[in-house]
file protein_28.cif (mmCIF, C-alpha atoms)
data_my_file
loop_
_atom_site.label_atom_id
_atom_site.label_comp_id
_atom_site.auth_asym_id
_atom_site.auth_seq_id
_atom_site.Cartn_x
_atom_site.Cartn_y
_atom_site.Cartn_z
CA MET C 1 161.32 150.20 90.68
CA SER C 2 160.29 146.57 90.15
CA LEU C 3 159.93 146.09 93.91
CA TYR C 4 157.85 149.27 94.17
CA MET C 5 155.50 148.12 91.40
CA GLY C 6 155.27 144.73 93.04
CA LEU C 7 154.35 146.07 96.48
CA THR C 8 151.87 148.70 95.28
CA THR C 9 149.97 146.02 93.35
CA SER C 10 150.36 143.27 95.95
CA VAL C 11 148.10 145.11 98.41
CA THR C 12 145.30 144.78 95.87
CA GLY C 13 145.50 141.05 96.54
CA PHE C 14 143.60 141.53 99.81
CA LEU C 15 141.86 144.88 99.16
CA GLN C 16 140.12 144.02 95.90
CA PRO C 17 138.29 140.87 97.00
CA PHE C 18 137.74 141.59 100.68
CA VAL C 19 136.90 145.28 101.11
CA PRO C 20 133.43 144.75 99.52
CA ILE C 21 132.87 141.53 101.50
CA TYR C 22 134.01 143.19 104.75
CA LEU C 23 131.58 146.06 104.17
CA LEU C 24 128.77 143.58 103.50
CA GLU C 25 129.58 141.68 106.71
CA ALA C 26 129.64 145.03 108.57
CA GLY C 27 125.97 145.51 107.64
CA LEU C 28 126.16 147.85 104.64
CA THR C 29 123.79 147.47 101.68
CA LYS C 30 125.05 147.10 98.10
CA SER C 31 124.13 150.73 97.42
CA GLN C 32 126.12 151.84 100.45
CA ILE C 33 129.04 149.63 99.40
CA GLY C 34 128.99 151.31 96.00
CA LEU C 35 128.99 154.76 97.58
CA VAL C 36 131.83 153.84 99.94
CA ALA C 37 133.86 152.43 97.05
CA GLY C 38 133.31 155.63 95.10
CA SER C 39 134.24 157.90 97.99
CA GLY C 40 137.99 157.48 97.59
CA ALA C 41 137.72 158.09 93.88
CA ALA C 42 135.63 161.20 94.53
CA MET C 43 138.29 162.56 96.87
CA ALA C 44 140.86 161.93 94.15
CA LEU C 45 138.98 164.32 91.87
CA ALA C 46 140.32 167.12 94.04
CA MET C 47 143.59 165.64 95.28
CA GLN C 48 145.21 163.89 92.30
CA PRO C 49 145.62 166.98 90.05
CA ILE C 50 147.05 168.97 92.99
CA LEU C 51 149.51 166.22 93.86
CA GLY C 52 150.52 165.83 90.22
CA LYS C 53 151.18 169.53 89.66
CA LEU C 54 152.96 169.93 92.99
CA SER C 55 155.28 166.98 92.33
CA ASP C 56 156.00 168.41 88.86
CA ARG C 57 156.80 171.81 90.36
CA ILE C 58 159.31 170.52 92.91
CA ASP C 59 160.31 167.67 90.57
CA ALA C 60 160.23 165.04 93.35
CA ARG C 61 157.91 162.15 94.13
CA ARG C 62 159.53 160.18 96.95
CA PRO C 63 158.11 162.36 99.77
CA PHE C 64 154.58 162.05 98.38
CA VAL C 65 154.88 158.26 98.09
CA ALA C 66 156.08 157.96 101.71
CA VAL C 67 153.25 160.09 103.10
CA MET C 68 150.55 158.38 101.01
CA ALA C 69 151.81 154.95 102.10
CA VAL C 70 151.42 155.85 105.79
CA VAL C 71 147.95 157.32 105.17
CA ALA C 72 146.80 154.15 103.39
CA ALA C 73 148.19 151.91 106.14
CA ILE C 74 146.34 153.83 108.87
CA ALA C 75 143.09 153.90 106.87
CA TYR C 76 142.88 150.14 106.32
CA LEU C 77 144.29 149.13 109.72
CA SER C 78 141.34 151.01 111.24
CA PHE C 79 138.74 148.67 109.68
CA PRO C 80 138.29 146.35 112.71
CA PHE C 81 137.41 149.39 114.87
CA LEU C 82 134.83 151.01 112.55
CA HIS C 83 131.04 150.85 112.58
CA GLY C 84 128.51 152.33 110.15
CA ALA C 85 128.69 153.56 106.58
CA PRO C 86 130.05 157.10 107.34
CA ALA C 87 133.10 155.73 109.20
CA PHE C 88 133.93 153.26 106.44
CA LEU C 89 133.35 155.93 103.80
CA PHE C 90 135.97 158.18 105.39
CA ALA C 91 138.52 155.37 105.83
CA VAL C 92 138.10 154.03 102.30
CA ALA C 93 138.27 157.56 100.87
CA LEU C 94 141.66 158.11 102.50
CA GLY C 95 143.03 154.67 101.70
CA LEU C 96 141.87 154.46 98.11
CA ASN C 97 143.02 157.96 97.28
CA ALA C 98 146.47 157.32 98.73
CA HIS C 99 146.79 154.00 96.90
CA MET C 100 145.66 155.61 93.65
CA TYR C 101 148.43 158.19 93.90
CA MET C 102 151.07 155.51 94.53
CA GLN C 103 149.93 153.59 91.47
CA GLY C 104 149.62 156.67 89.26
CA VAL C 105 153.07 158.02 90.07
CA SER C 106 154.65 154.87 88.66
CA GLY C 107 153.65 156.02 85.17
CA VAL C 108 155.61 159.25 85.67
CA LEU C 109 158.70 157.49 86.98
CA VAL C 110 158.72 154.93 84.17
CA GLY C 111 158.25 157.75 81.66
CA ARG C 112 161.50 159.25 82.93
CA LEU C 113 163.32 155.92 82.72
CA ALA C 114 162.04 154.79 79.31
CA LYS C 115 163.65 155.54 75.96
CA LYS C 116 161.58 157.45 73.44
CA GLY C 117 159.17 155.13 71.62
CA GLU C 118 159.62 152.29 74.15
CA GLY C 119 157.28 153.48 76.89
CA GLY C 120 154.81 150.61 76.54
CA ALA C 121 157.39 147.83 76.81
CA THR C 122 159.27 149.56 79.63
CA TYR C 123 156.16 150.09 81.76
CA ALA C 124 154.99 146.53 81.16
CA ALA C 125 158.38 145.11 82.15
CA TYR C 126 158.13 146.79 85.55
CA ARG C 127 154.38 146.32 86.04
CA VAL C 128 154.47 142.55 85.52
CA TRP C 129 156.12 142.22 88.96
CA GLY C 130 152.95 143.67 90.45
CA SER C 131 150.91 140.81 89.02
CA ILE C 132 153.38 138.27 90.42
CA ALA C 133 153.23 139.84 93.88
CA TYR C 134 149.42 139.91 93.73
CA VAL C 135 149.37 136.12 93.23
CA PHE C 136 151.41 135.49 96.38
CA VAL C 137 149.27 137.79 98.54
CA ALA C 138 145.98 136.37 97.26
CA LEU C 139 147.09 132.79 97.90
CA ALA C 140 148.39 133.67 101.36
CA VAL C 141 145.05 135.25 102.30
CA GLY C 142 143.16 132.24 100.97
CA PHE C 143 145.15 129.83 103.11
CA VAL C 144 144.65 132.04 106.18
CA LEU C 145 140.87 131.96 105.64
CA LYS C 146 140.93 128.17 104.99
CA PRO C 147 138.75 126.41 102.38
CA GLN C 148 135.33 127.32 103.79
CA GLY C 149 136.25 130.70 105.29
CA GLY C 150 135.24 134.21 104.35
CA HIS C 151 132.03 134.65 106.33
CA GLY C 152 131.77 136.84 109.40
CA ARG C 153 133.52 140.06 110.28
CA GLY C 154 135.62 138.42 112.99
CA ALA C 155 137.21 136.01 110.51
CA LEU C 156 138.07 138.90 108.18
CA ASN C 157 139.60 141.15 110.85
CA LEU C 158 142.91 139.29 110.65
CA ILE C 159 143.29 140.34 107.01
CA PHE C 160 142.98 144.03 107.87
CA GLU C 161 145.18 143.73 110.96
CA THR C 162 148.15 142.44 108.92
CA GLY C 163 147.66 143.18 105.20
CA PRO C 164 147.94 147.00 105.44
CA LEU C 165 151.45 146.60 106.88
CA LEU C 166 152.53 146.20 103.24
CA PHE C 167 151.87 149.91 102.84
CA LEU C 168 154.48 150.64 105.51
CA ALA C 169 156.98 148.63 103.48
CA ILE C 170 156.18 150.87 100.48
CA GLY C 171 156.76 153.94 102.64
CA ALA C 172 160.19 152.64 103.66
CA LEU C 173 161.04 151.76 100.07
CA ALA C 174 160.29 155.33 98.95
CA TYR C 175 163.73 156.41 100.21
CA TRP C 176 165.43 154.22 97.58
CA LEU C 177 162.87 154.75 94.81
CA PRO C 178 164.46 155.89 91.49
CA ASP C 179 163.22 159.44 90.97
CA PRO C 180 165.32 160.95 88.15
CA LYS C 181 165.17 164.69 87.72
CA ARG C 182 163.80 166.36 84.63
CA PRO C 183 166.56 166.40 81.97
CA ILE C 184 167.78 169.77 80.75
CA GLU C 185 166.75 170.21 77.13
CA VAL C 186 168.54 172.38 74.60
CA ASP C 187 166.80 175.73 74.08
CA GLU C 188 164.18 174.79 76.70
CA ASP C 189 161.84 177.60 77.63
CA PRO C 190 162.54 178.34 81.32
CA LEU C 191 158.98 179.53 81.92
CA PRO C 192 156.34 177.08 83.19
CA ARG C 193 154.62 175.42 80.27
CA LYS C 194 150.86 175.49 80.04
CA VAL C 195 149.41 172.00 79.87
CA SER C 196 146.89 171.53 77.09
CA MET C 197 145.35 168.44 75.53
CA SER C 198 144.90 167.56 71.88
CA PRO C 199 141.35 166.75 70.70
CA ASN C 200 142.40 163.12 70.27
CA LEU C 201 143.58 162.91 73.87
CA LYS C 202 140.30 164.42 75.08
CA ARG C 203 138.34 161.83 73.10
CA PHE C 204 140.45 159.03 74.57
CA LEU C 205 139.90 160.25 78.12
CA ALA C 206 136.14 160.46 77.52
CA VAL C 207 136.05 156.88 76.26
CA ASP C 208 138.29 155.74 79.11
CA PHE C 209 135.71 157.17 81.52
CA LEU C 210 132.95 154.91 80.13
CA TYR C 211 135.32 151.95 80.05
CA VAL C 212 136.29 152.35 83.72
CA VAL C 213 132.67 152.97 84.82
CA SER C 214 131.60 149.66 83.29
CA LEU C 215 134.66 147.59 84.22
CA TYR C 216 135.35 148.71 87.78
CA GLY C 217 131.76 149.51 88.64
CA ALA C 218 131.02 145.83 88.06
CA THR C 219 134.36 144.58 89.43
CA ASN C 220 133.53 146.06 92.84
CA PHE C 221 130.81 143.40 93.25
CA ILE C 222 132.51 140.35 91.74
CA SER C 223 133.69 138.94 95.08
CA ILE C 224 130.17 139.39 96.52
CA PHE C 225 128.77 137.67 93.41
CA MET C 226 131.22 134.82 93.98
CA MET C 227 129.67 134.31 97.42
CA HIS C 228 126.19 134.27 95.84
CA VAL C 229 127.14 131.39 93.51
CA GLY C 230 128.69 129.38 96.36
CA GLY C 231 132.32 130.48 96.45
CA ARG C 232 134.14 130.30 99.80
CA GLY C 233 137.72 130.45 101.13
CA LEU C 234 140.22 130.17 98.29
CA PHE C 235 137.48 130.92 95.76
CA LEU C 236 137.03 134.33 97.42
CA SER C 237 140.68 135.25 97.82
CA CYS C 238 141.55 133.92 94.35
CA VAL C 239 138.49 135.20 92.47
CA PHE C 240 140.66 137.78 90.72
CA LEU C 241 143.68 135.49 90.37
CA PRO C 242 143.00 134.15 86.83
CA GLY C 243 142.77 137.73 85.57
CA VAL C 244 145.97 138.73 87.33
CA ILE C 245 147.87 135.77 85.86
CA GLY C 246 146.43 136.63 82.47
CA GLU C 247 147.38 140.29 82.76
CA ALA C 248 150.96 139.35 83.71
CA LEU C 249 151.27 137.31 80.51
CA VAL C 250 149.46 139.79 78.26
CA MET C 251 151.06 142.96 79.60
CA ARG C 252 154.58 142.06 78.50
CA PHE C 253 153.44 141.58 74.92
CA SER C 254 150.85 144.37 74.81
CA GLY C 255 153.37 147.06 75.71
CA ARG C 256 155.95 145.86 73.18
CA PHE C 257 153.31 145.33 70.47
CA SER C 258 151.91 148.83 71.01
CA ASP C 259 155.41 150.33 70.67
CA ARG C 260 155.81 148.68 67.28
CA TYR C 261 152.33 148.58 65.76
CA GLY C 262 150.52 151.34 67.68
CA ARG C 263 148.50 151.91 70.84
CA ARG C 264 145.14 151.93 69.05
CA PRO C 265 145.13 148.34 67.66
CA VAL C 266 146.05 146.90 71.07
CA LEU C 267 143.52 149.00 72.96
CA ALA C 268 140.82 148.00 70.47
CA VAL C 269 141.16 144.36 71.58
CA SER C 270 140.58 145.34 75.20
CA TYR C 271 137.56 147.48 74.38
CA LEU C 272 135.93 144.76 72.28
CA VAL C 273 136.46 141.97 74.83
CA LEU C 274 134.96 143.79 77.84
CA PRO C 275 131.21 143.75 76.94
CA PHE C 276 131.31 140.01 76.20
CA ARG C 277 133.17 139.29 79.42
CA LEU C 278 130.63 141.22 81.52
CA MET C 279 127.75 139.32 79.89
CA MET C 280 129.41 136.05 80.94
CA TYR C 281 129.05 137.04 84.61
CA SER C 282 125.34 137.72 84.17
CA VAL C 283 124.67 134.07 83.30
CA ALA C 284 127.21 132.48 85.68
CA LEU C 285 125.89 129.53 87.71
CA SER C 286 128.98 128.38 89.64
CA PRO C 287 132.26 129.67 91.10
CA TRP C 288 134.20 128.07 88.24
CA TRP C 289 132.14 130.02 85.71
CA VAL C 290 133.06 133.26 87.48
CA LEU C 291 136.74 132.30 87.42
CA GLY C 292 136.48 131.58 83.70
CA ALA C 293 135.03 135.01 82.98
CA GLN C 294 137.59 136.64 85.24
CA SER C 295 140.44 135.09 83.24
CA LEU C 296 139.55 137.48 80.40
CA HIS C 297 140.64 140.35 82.62
CA GLY C 298 144.10 139.72 81.21
CA LEU C 299 142.85 141.16 77.92
CA ASN C 300 141.42 144.16 79.76
CA PHE C 301 143.84 145.45 82.37
CA GLY C 302 146.69 143.47 80.81
CA ILE C 303 146.36 145.86 77.88
CA VAL C 304 144.88 149.06 79.30
CA GLY C 305 147.05 148.97 82.42
CA ALA C 306 150.19 149.49 80.35
CA VAL C 307 149.05 150.94 77.02
CA ALA C 308 146.84 153.72 78.41
CA ILE C 309 149.83 154.98 80.41
CA ALA C 310 151.93 154.90 77.23
CA PHE C 311 149.14 156.62 75.26
CA ILE C 312 149.34 159.57 77.67
CA ASN C 313 153.15 159.64 77.74
CA ASP C 314 153.21 159.77 73.92
CA GLN C 315 151.60 163.18 74.13
CA ALA C 316 153.63 164.64 76.98
CA ASP C 317 157.13 165.95 77.61
CA HIS C 318 159.21 165.90 80.79
CA ARG C 319 157.52 169.05 82.06
CA THR C 320 153.94 167.99 81.52
CA ARG C 321 154.03 164.23 82.06
CA GLY C 322 153.07 164.40 85.73
CA ALA C 323 150.16 166.75 85.08
CA LEU C 324 148.83 164.67 82.18
CA GLN C 325 149.13 161.41 84.10
CA ALA C 326 147.22 163.18 86.87
CA GLN C 327 144.50 163.92 84.30
CA LEU C 328 144.28 160.20 83.55
CA SER C 329 144.06 159.55 87.29
CA LEU C 330 141.35 162.21 87.44
CA ILE C 331 139.29 160.44 84.80
CA THR C 332 139.84 157.11 86.52
CA ALA C 333 138.80 158.69 89.81
CA SER C 334 135.63 160.17 88.31
CA ALA C 335 134.66 156.86 86.78
CA GLY C 336 135.65 155.07 89.98
CA ALA C 337 133.23 157.29 91.90
CA VAL C 338 130.34 156.96 89.45
CA GLY C 339 130.73 153.28 88.52
CA PRO C 340 130.42 151.55 91.92
CA ALA C 341 127.66 153.91 93.07
CA LEU C 342 125.64 153.39 89.88
CA MET C 343 126.15 149.62 89.82
CA GLY C 344 125.37 149.35 93.54
CA ILE C 345 121.98 150.99 93.01
CA VAL C 346 121.22 148.69 90.06
CA ALA C 347 122.33 145.62 92.05
CA ASP C 348 120.13 146.53 95.03
CA ARG C 349 117.04 147.11 92.89
CA TYR C 350 117.36 144.50 90.15
CA GLY C 351 120.03 142.01 91.27
CA LEU C 352 123.64 141.35 90.39
CA PRO C 353 123.00 139.63 86.99
CA VAL C 354 121.14 142.69 85.70
CA MET C 355 123.91 144.89 87.04
CA PHE C 356 126.43 143.01 84.88
CA GLU C 357 124.15 143.43 81.85
CA VAL C 358 123.98 147.20 82.39
CA ALA C 359 127.76 147.34 82.69
CA ALA C 360 128.10 145.34 79.46
CA GLY C 361 125.88 147.87 77.65
CA LEU C 362 128.10 150.76 78.75
CA ALA C 363 131.21 148.82 77.69
CA PHE C 364 129.74 148.27 74.23
CA VAL C 365 129.12 152.02 73.83
CA ALA C 366 132.72 152.73 74.90
CA ALA C 367 134.04 150.25 72.31
CA ALA C 368 131.97 151.81 69.52
CA ILE C 369 133.14 155.34 70.33
CA PHE C 370 136.77 154.26 70.59
CA LEU C 371 136.77 152.54 67.19
CA CYS C 372 135.07 155.47 65.50
CA PHE C 373 136.69 158.53 67.06
CA VAL C 374 140.06 157.83 68.76
CA ASN C 375 143.23 157.97 66.65
CA GLU C 376 146.76 156.65 67.13
CA SER C 377 149.08 158.45 69.58
CA ASN C 378 152.42 156.76 68.84
CA ASP C 379 153.94 158.64 65.91
CA GLN C 380 156.71 156.05 65.56
CA ALA C 381 154.39 153.05 65.20
CA GLU C 382 154.43 151.26 61.88
CA GLY C 383 150.77 150.20 62.07
CA THR C 384 149.14 146.84 61.39
CA GLY C 385 148.00 147.57 57.83
CA ILE C 386 144.36 147.17 58.89
CA LYS C 387 142.65 150.54 58.46
CA LEU C 388 139.90 149.86 61.00
CA LEU C 389 142.51 149.22 63.67
CA ASP C 390 145.13 151.80 62.70
CA ARG C 391 142.96 154.90 62.57
CA ALA C 392 139.44 156.06 63.32
CA PRO C 393 137.22 156.40 60.23
CA PHE C 394 135.51 159.68 61.15
CA PRO C 395 137.79 162.36 62.67
CA ALA C 396 140.62 163.85 60.66
CA ALA C 397 144.05 162.91 61.95
CA THR C 398 145.15 165.29 64.66
CA ALA C 399 148.66 166.05 65.79
CA SER C 400 149.52 164.79 69.24
CA ILE C 401 151.26 167.99 70.34
CA VAL C 402 150.95 168.98 73.98
CA GLY C 403 151.91 172.23 75.63
CA LYS C 404 153.09 174.09 72.51
#
call {"tool": "encode", "arguments": {"input": "protein_28.cif", "output": "structure tokens"}}
result
Amino acid sequence: MSLYMGLTTSVTGFLQPFVPIYLLEAGLTKSQIGLVAGSGAAMALAMQPILGKLSDRIDARRPFVAVMAVVAAIAYLSFPFLHGAPAFLFAVALGLNAHMYMQGVSGVLVGRLAKKGEGGATYAAYRVWGSIAYVFVALAVGFVLKPQGGHGRGALNLIFETGPLLFLAIGALAYWLPDPKRPIEVDEDPLPRKVSMSPNLKRFLAVDFLYVVSLYGATNFISIFMMHVGGRGLFLSCVFLPGVIGEALVMRFSGRFSDRYGRRPVLAVSYLVLPFRLMMYSVALSPWWVLGAQSLHGLNFGIVGAVAIAFINDQADHRTRGALQAQLSLITASAGAVGPALMGIVADRYGLPVMFEVAAGLAFVAAAIFLCFVNESNDQAEGTGIKLLDRAPFPAATASIVGK
């Protein structure tokens, strides 16, 4: 499982920084880049719930992982042969959707492996290997490009001729992937259980939508922004590296802390940091400034990447976990479609600094709604003793019961 989490995240080491730059070098505008980036997420709106329910029904995930890995490999290996926005839109839609499934299914598998009340720490313990693998891939790509590299489609072709082979390794690994079957529960109703969501879960998913729109809408253009402030070579391949190192350190503690004190206090930190981080990009004047702002990503994905998964698992059982994790993927997909497209339009019309300011405004709204309306999901948490962090001041406490 650790190797799977490592490989599925390692591919982000070349996809995250260089897909936007490759599209720019292929002649696409920032608006078109945003639409292409959102295309895979838009496809996931239809595909992720179907895949989640189907894998729940047959109670198996290995075959889906193997197929999605091959699809992603083919999609990204095709980059050097593509021309025009429609061709790239189709390839990115296939690749991103397949990669999103492979990442989302890890939450289901870890939910099966984790003990009750320890979901956050268990997920973080596996996921940290992804951050470590990302570092190696990003550094390797940077050395291949050399210090002043990164310009020109020809120089970038090598990345997409070799990097996607990692997906084939994931496909091979699927055969050995731990995929425990649903345990038989005493007095379990043999009929399929209807999946429903508590009001608190619905509020969390709504806030998560705004959070992802602001964070990943802006993130899609960070590597391009790095080029604008003079970053080349290792600066490009390692632009996300400080955040990845930070998330590896934070994730181990965030999962364990959320198991003991609650999901809400930990998530609150992430929501409050994001608007300030995005404003830092808007005034950046050098590559080092961008790296400094990116280091705060550890307090964003380092928390949300593990604790949001645990937040969903808190409100699911073995029959509904796949479907509810698919709902989280659905929200992420929706925001992933809207965010890059919206931010691309803003960047084309008003420039990248203004785009970061718009994203910061959305992040501030998300933080305010979270603090006021989203309650704790972990019934076994002891809380921090700080009322503002432990529970929302406005809604009455709601039971986190799903499917009953």
call {"tool": "residues_around", "arguments": {"input": "protein_28.cif", "residues": "Val71 (chain C)", "least_positions_apart": "4", "cutoff": "7 Å", "atoms": "only C-alpha atoms", "output": "list in words"}}
result
Val67, Ala75, Leu94, Gly95 and Ala98 of chain C
call {"tool": "atom_distance", "arguments": {"input": "protein_28.cif", "atom1": "CA of Asn220 (chain C)", "atom2": "CA of Pro340 (chain C)"}}
result
6.4 Å
call {"tool": "resolve_selection", "arguments": {"input": "protein_28.cif", "expression": "the PyMOL selection byres ((chain C and resi 231-247) around 7)", "output": "MDAnalysis selection string"}}
result
chainID C and resid 17 131 135 138:139 141:143 145:150 223 226:227 229:230 248:251 287 291 294:299 301:302
call {"tool": "closest_residue", "arguments": {"input": "protein_28.cif", "among": "C:Val105, C:Leu168, C:Asn97, C:Ala85", "to": "Ala66 (chain C)", "atoms": "all atoms listed in the file"}}
result
C:Leu168
call {"tool": "closest_residue", "arguments": {"input": "protein_28.cif", "among": "C:Ala172, C:Leu272, C:Val207, C:Val65", "to": "Ile331 (chain C)", "atoms": "all atoms listed in the file"}}
result
C:Val207
call {"tool": "atom_distance", "arguments": {"input": "protein_28.cif", "atom1": "CA of Ser334 (chain C)", "atom2": "CA of Tyr134 (chain C)"}}
result
25.1 Å
call {"tool": "atom_distance", "arguments": {"input": "protein_28.cif", "atom1": "CA of Gly385 (chain C)", "atom2": "CA of Pro265 (chain C)"}}
result
10.3 Å
call {"tool": "residues_around", "arguments": {"input": "protein_28.cif", "residues": "Leu45 (chain C)", "least_positions_apart": "6", "cutoff": "12 Å", "atoms": "only C-alpha atoms", "output": "number ranges by chain"}}
result
C: 38-39, 51-52, 93, 97, 100-101, 326-338
call {"tool": "residues_near_point", "arguments": {"input": "protein_28.cif", "point": "(155.6, 149.8, 98.5)", "cutoff": "8 Å", "atoms": "only C-alpha atoms", "output": "list in words"}}
result
Leu3, Tyr4, Met5, Gly6, Leu7, Thr8, Ala69, Leu166, Phe167, Leu168, Ala169, Ile170, Gly171, Ala172, Leu173 and Ala174 of chain C
call {"tool": "resolve_selection", "arguments": {"input": "protein_28.cif", "expression": "the PyMOL selection byres ((chain C and resi 374-379) around 7)", "output": "NGL selection string"}}
result
:C and (200 or 203-204 or 262-264 or 311 or 314 or 370-373 or 380-381 or 390-392 or 397 or 400)
call {"tool": "closest_residue", "arguments": {"input": "protein_28.cif", "among": "C:Gly84, C:Pro353, C:Gly361, C:Gly13", "to": "Thr29 (chain C)", "atoms": "all atoms listed in the file"}}
result
C:Gly84
call {"tool": "build_atoms", "arguments": {"input": "protein_28.cif", "residues": "region 214-221 of chain C", "atoms": "all heavy atoms", "output": "PDB file, in the frame of the given file"}}
result
ATOM      1  N   SER C 214     132.163 150.999  83.505  1.00  0.00           N
ATOM      2  CA  SER C 214     131.600 149.660  83.290  1.00  0.00           C
ATOM      3  C   SER C 214     132.456 148.579  83.935  1.00  0.00           C
ATOM      4  O   SER C 214     131.942 147.691  84.628  1.00  0.00           O
ATOM      5  CB  SER C 214     131.442 149.385  81.794  1.00  0.00           C
ATOM      6  OG  SER C 214     132.685 149.484  81.117  1.00  0.00           O
ATOM      7  N   LEU C 215     133.783 148.650  83.720  1.00  0.00           N
ATOM      8  CA  LEU C 215     134.660 147.590  84.220  1.00  0.00           C
ATOM      9  C   LEU C 215     134.731 147.585  85.742  1.00  0.00           C
ATOM     10  O   LEU C 215     134.445 146.572  86.395  1.00  0.00           O
ATOM     11  CB  LEU C 215     136.060 147.754  83.628  1.00  0.00           C
ATOM     12  CG  LEU C 215     137.131 146.788  84.156  1.00  0.00           C
ATOM     13  CD1 LEU C 215     136.717 145.338  83.966  1.00  0.00           C
ATOM     14  CD2 LEU C 215     138.473 147.057  83.476  1.00  0.00           C
ATOM     15  N   TYR C 216     135.104 148.707  86.345  1.00  0.00           N
ATOM     16  CA  TYR C 216     135.350 148.710  87.780  1.00  0.00           C
ATOM     17  C   TYR C 216     134.084 148.944  88.598  1.00  0.00           C
ATOM     18  O   TYR C 216     134.050 148.621  89.792  1.00  0.00           O
ATOM     19  CB  TYR C 216     136.450 149.708  88.120  1.00  0.00           C
ATOM     20  CG  TYR C 216     137.782 149.212  87.601  1.00  0.00           C
ATOM     21  CD1 TYR C 216     138.377 149.782  86.489  1.00  0.00           C
ATOM     22  CD2 TYR C 216     138.402 148.117  88.195  1.00  0.00           C
ATOM     23  CE1 TYR C 216     139.575 149.292  85.988  1.00  0.00           C
ATOM     24  CE2 TYR C 216     139.597 147.620  87.704  1.00  0.00           C
ATOM     25  CZ  TYR C 216     140.179 148.206  86.596  1.00  0.00           C
ATOM     26  OH  TYR C 216     141.347 147.707  86.105  1.00  0.00           O
ATOM     27  N   GLY C 217     133.044 149.476  87.973  1.00  0.00           N
ATOM     28  CA  GLY C 217     131.760 149.510  88.640  1.00  0.00           C
ATOM     29  C   GLY C 217     131.261 148.098  88.911  1.00  0.00           C
ATOM     30  O   GLY C 217     130.775 147.774  89.999  1.00  0.00           O
ATOM     31  N   ALA C 218     131.420 147.222  87.904  1.00  0.00           N
ATOM     32  CA  ALA C 218     131.020 145.830  88.060  1.00  0.00           C
ATOM     33  C   ALA C 218     132.019 145.037  88.897  1.00  0.00           C
ATOM     34  O   ALA C 218     131.642 144.194  89.721  1.00  0.00           O
ATOM     35  CB  ALA C 218     130.871 145.182  86.681  1.00  0.00           C
ATOM     36  N   THR C 219     133.318 145.321  88.713  1.00  0.00           N
ATOM     37  CA  THR C 219     134.360 144.580  89.430  1.00  0.00           C
ATOM     38  C   THR C 219     134.198 144.709  90.945  1.00  0.00           C
ATOM     39  O   THR C 219     134.505 143.773  91.691  1.00  0.00           O
ATOM     40  CB  THR C 219     135.748 145.099  89.013  1.00  0.00           C
ATOM     41  OG1 THR C 219     135.937 144.832  87.621  1.00  0.00           O
ATOM     42  CG2 THR C 219     136.850 144.412  89.802  1.00  0.00           C
ATOM     43  N   ASN C 220     133.704 145.838  91.406  1.00  0.00           N
ATOM     44  CA  ASN C 220     133.530 146.060  92.840  1.00  0.00           C
ATOM     45  C   ASN C 220     132.622 145.017  93.490  1.00  0.00           C
ATOM     46  O   ASN C 220     132.713 144.796  94.696  1.00  0.00           O
ATOM     47  CB  ASN C 220     132.970 147.465  93.071  1.00  0.00           C
ATOM     48  CG  ASN C 220     132.966 147.862  94.523  1.00  0.00           C
ATOM     49  OD1 ASN C 220     134.008 147.989  95.148  1.00  0.00           O
ATOM     50  ND2 ASN C 220     131.772 148.038  95.080  1.00  0.00           N
ATOM     51  N   PHE C 221     131.775 144.352  92.686  1.00  0.00           N
ATOM     52  CA  PHE C 221     130.810 143.400  93.250  1.00  0.00           C
ATOM     53  C   PHE C 221     131.097 141.956  92.850  1.00  0.00           C
ATOM     54  O   PHE C 221     130.304 141.067  93.161  1.00  0.00           O
ATOM     55  CB  PHE C 221     129.390 143.787  92.809  1.00  0.00           C
ATOM     56  CG  PHE C 221     128.949 145.120  93.343  1.00  0.00           C
ATOM     57  CD1 PHE C 221     129.071 146.264  92.560  1.00  0.00           C
ATOM     58  CD2 PHE C 221     128.455 145.246  94.624  1.00  0.00           C
ATOM     59  CE1 PHE C 221     128.687 147.504  93.051  1.00  0.00           C
ATOM     60  CE2 PHE C 221     128.074 146.482  95.126  1.00  0.00           C
ATOM     61  CZ  PHE C 221     128.199 147.612  94.337  1.00  0.00           C
TER      62      PHE C 221
END
